[in-house]
Amino acid sequence: MKFTLTQALALIGASALSGSAEPAKRPAPGARPYGLVIHGGAGVIVRKEMTAQTEAAYRDKLAQARDAGYAVLERGGSATDAVVAAVRVMEDSPLFNAGYGAVLDSDGVCELDAAIMDGRTLGAGAVAGVQTVKNPILLAKAIMERSPHVMLAGPGAERFAKEAGLEIVPNSYFRTERRMRELERARQQERQAPGVGQAADGTPPGEDRKWGTVGCVALDRDGNLAAGTSTGGMTNKKFGRVGDSPIIGAGTYANNATCAVSCTGHGEFFMRGVVGHDISARMEYGALPLAEAAARTLAKLGDAGGTGGLVAIGRDGAVAMPFNTPGMYRALRISTGESLVRLFGDER
Ligand code: ASP
């Protein structure tokens, strides 16, 4: 289906809130909306595998992260600062695969990736494979603001973090019992099925099929967009492996002309699909509304065998939260009154 620019804009205006399982709502007439959407990872997130206590813990932490970011926007702060505020709360929580509580690689080490992008300037900062930086999203922001580069990796990135005065912790800070058990399970599965490449859904052997990466997209009062993503990658990943999250245009992308996107899922597919930029390009070159652009890109990813999801926000406050997994931890708050926290795929 093709749209003229006018038709597309009309469609976007009619769909301020649209995701895989969310109803559409319209912003108050004349109001210039601001707000944000966050995710805490997609995957096999289903009621029957979750206690009421765990479910409540996820809902509370998602609401806390969302509200931390929203408070920044409410007092007139920038979209990039809101993204950092929201992502930081999730990095500091053991519930998610980012910062404290990140998954372990095949050596039993946490190697963290993160990125942030400012849709106003198209400035970006990204970090890959750091082992001692407490909040990788802060390092990504420091790289964006205080270096002439976009991405720093490994020991050089850690040196930059120290020089920038960021908090440094031993790698053991990130490691939790839960993640150690997951790695042990993954190793056992690998031993039992050596040579098996991937499950039918693209899941690598040993992966427990939850992608707990965290991310946030925001639109501030000045109409600027930003996106940020932070992750420990995938359980039992090969030492040195870098996923889509810190790759600008793949797992993270923001452009004031179109939208801001943060992804979660099987990174190898998101990198090859250049998912964040693909959604933006459909809007810029094809004049598609955000929800349709995001749905088409995710469908293409699914056709290629990729699983996961994303959150996106447009310059007019339209949002999309599509995923092709049973669930995705997600939450949003928009100045026009919409506010929600959702975990499962069947939640309205
Ligand atoms: N996309 C991340 C990666 O592949 C994983 C995730 O979303 O949980 O590194």
# chains A, B, ... in the order shown; residues from 1 in each chain; ligands from 1
$ residues_around --residues "Met144 in chain A" --least-positions-apart "3" --cutoff "12 Å" --atoms "only C-alpha atoms" --output "JSON, numbers by chain"
{"A": [80, 114, 115, 116, 117, 118, 121, 122, 123, 124, 125, 126, 127, 137, 138, 139, 140, 141, 147, 148, 149, 150, 151, 152, 160, 228, 248]}
$ residues_near_ligand --ligand "ligand 1" --cutoff "8 Å" --atoms "only C-alpha atoms and all ligand atoms" --output "ChimeraX atom specification"
/A:41-42,97,113,210-214,231-234,242-245,251,263-268,270,308
$ atom_distance --atom1 "CA of Glu177 in chain A" --atom2 "CA of Gly69 in chain A"
29.0 Å
$ select_by_dssp --residues "range 117-267 of chain A" --states "strand (DSSP E)" --output "PyMOL selection string"
chain A and resi 117-118+124-130+151-153+210-211+214-219+225-231+252-254+259-265
$ residues_around --residues "Tyr70 in chain A" --least-positions-apart "4" --cutoff "8 Å" --atoms "only C-alpha atoms" --output "number ranges by chain"
A: 35-36, 66, 74, 82, 333
$ closest_residue --among "A:Leu332, A:Ala57, A:Ala161, A:Ile279" --to "Ala294 in chain A" --atoms "only C-alpha atoms"
A:Ile279
$ closest_residue --among "A:Ala281, A:Val169, A:Ala318, A:Met90" --to "Ser335 in chain A" --atoms "only C-alpha atoms"
A:Ala318
$ residues_around --residues "Lys238 in chain A" --least-positions-apart "5" --cutoff "9 Å" --atoms "only C-alpha atoms" --output "VMD selection string"
chain A and resid 105 to 107
$ closest_residue --among "A:Asp67, A:Val133, A:Glu292, A:Leu301" --to "Gly99 in chain A" --atoms "only C-alpha atoms"
A:Val133
$ atom_distance --atom1 "CA of Lys134 in chain A" --atom2 "CA of Ala331 in chain A"
23.9 Å
$ select_by_dssp --residues "range 191-275 of chain A" --states "helix (DSSP H, G or I)" --output "list in words"
Arg191, Gln192, Gly267, Glu268, Phe269, Phe270, Met271, Arg272 and Val275 of chain A
$ write_last_selection --atoms "N, CA, C and O atoms" --output "short mmCIF file (atom, residue, chain, number, x, y, z; two decimals), in the first residue's frame"
data_model
loop_
_atom_site.label_atom_id
_atom_site.label_comp_id
_atom_site.auth_asym_id
_atom_site.auth_seq_id
_atom_site.Cartn_x
_atom_site.Cartn_y
_atom_site.Cartn_z
N ARG A 191 26.27 -28.78 25.46
CA ARG A 191 26.98 -30.08 25.52
C ARG A 191 26.09 -31.21 25.02
O ARG A 191 26.53 -32.11 24.34
N GLN A 192 24.78 -31.11 25.37
CA GLN A 192 23.86 -32.16 24.97
C GLN A 192 23.57 -32.15 23.47
O GLN A 192 23.27 -33.16 22.88
N GLY A 267 19.98 -10.22 18.21
CA GLY A 267 20.72 -9.12 17.62
C GLY A 267 21.27 -9.34 16.23
O GLY A 267 21.32 -8.41 15.41
N GLU A 268 21.67 -10.57 15.95
CA GLU A 268 22.26 -10.84 14.63
C GLU A 268 21.25 -10.51 13.52
O GLU A 268 21.62 -10.00 12.46
N PHE A 269 19.98 -10.79 13.79
CA PHE A 269 18.94 -10.49 12.80
C PHE A 269 18.66 -8.98 12.72
O PHE A 269 18.44 -8.44 11.65
N PHE A 270 18.66 -8.34 13.88
CA PHE A 270 18.39 -6.89 13.91
C PHE A 270 19.52 -6.12 13.23
O PHE A 270 19.28 -5.08 12.61
N MET A 271 20.74 -6.64 13.34
CA MET A 271 21.85 -5.96 12.65
C MET A 271 21.70 -6.11 11.14
O MET A 271 21.84 -5.15 10.40
N ARG A 272 21.44 -7.35 10.71
CA ARG A 272 21.33 -7.57 9.26
C ARG A 272 20.14 -6.83 8.67
O ARG A 272 20.16 -6.41 7.52
N VAL A 275 17.33 -2.53 11.56
CA VAL A 275 15.92 -2.31 11.89
C VAL A 275 15.56 -0.86 12.22
O VAL A 275 14.58 -0.32 11.70
#
$ atom_distance --atom1 "CA of Ile247 in chain A" --atom2 "CA of Cys259 in chain A"
16.6 Å
$ closest_residue --among "A:Ala260, A:Tyr329, A:Val87, A:Thr235" --to "Glu190 in chain A" --atoms "only C-alpha atoms"
A:Thr235
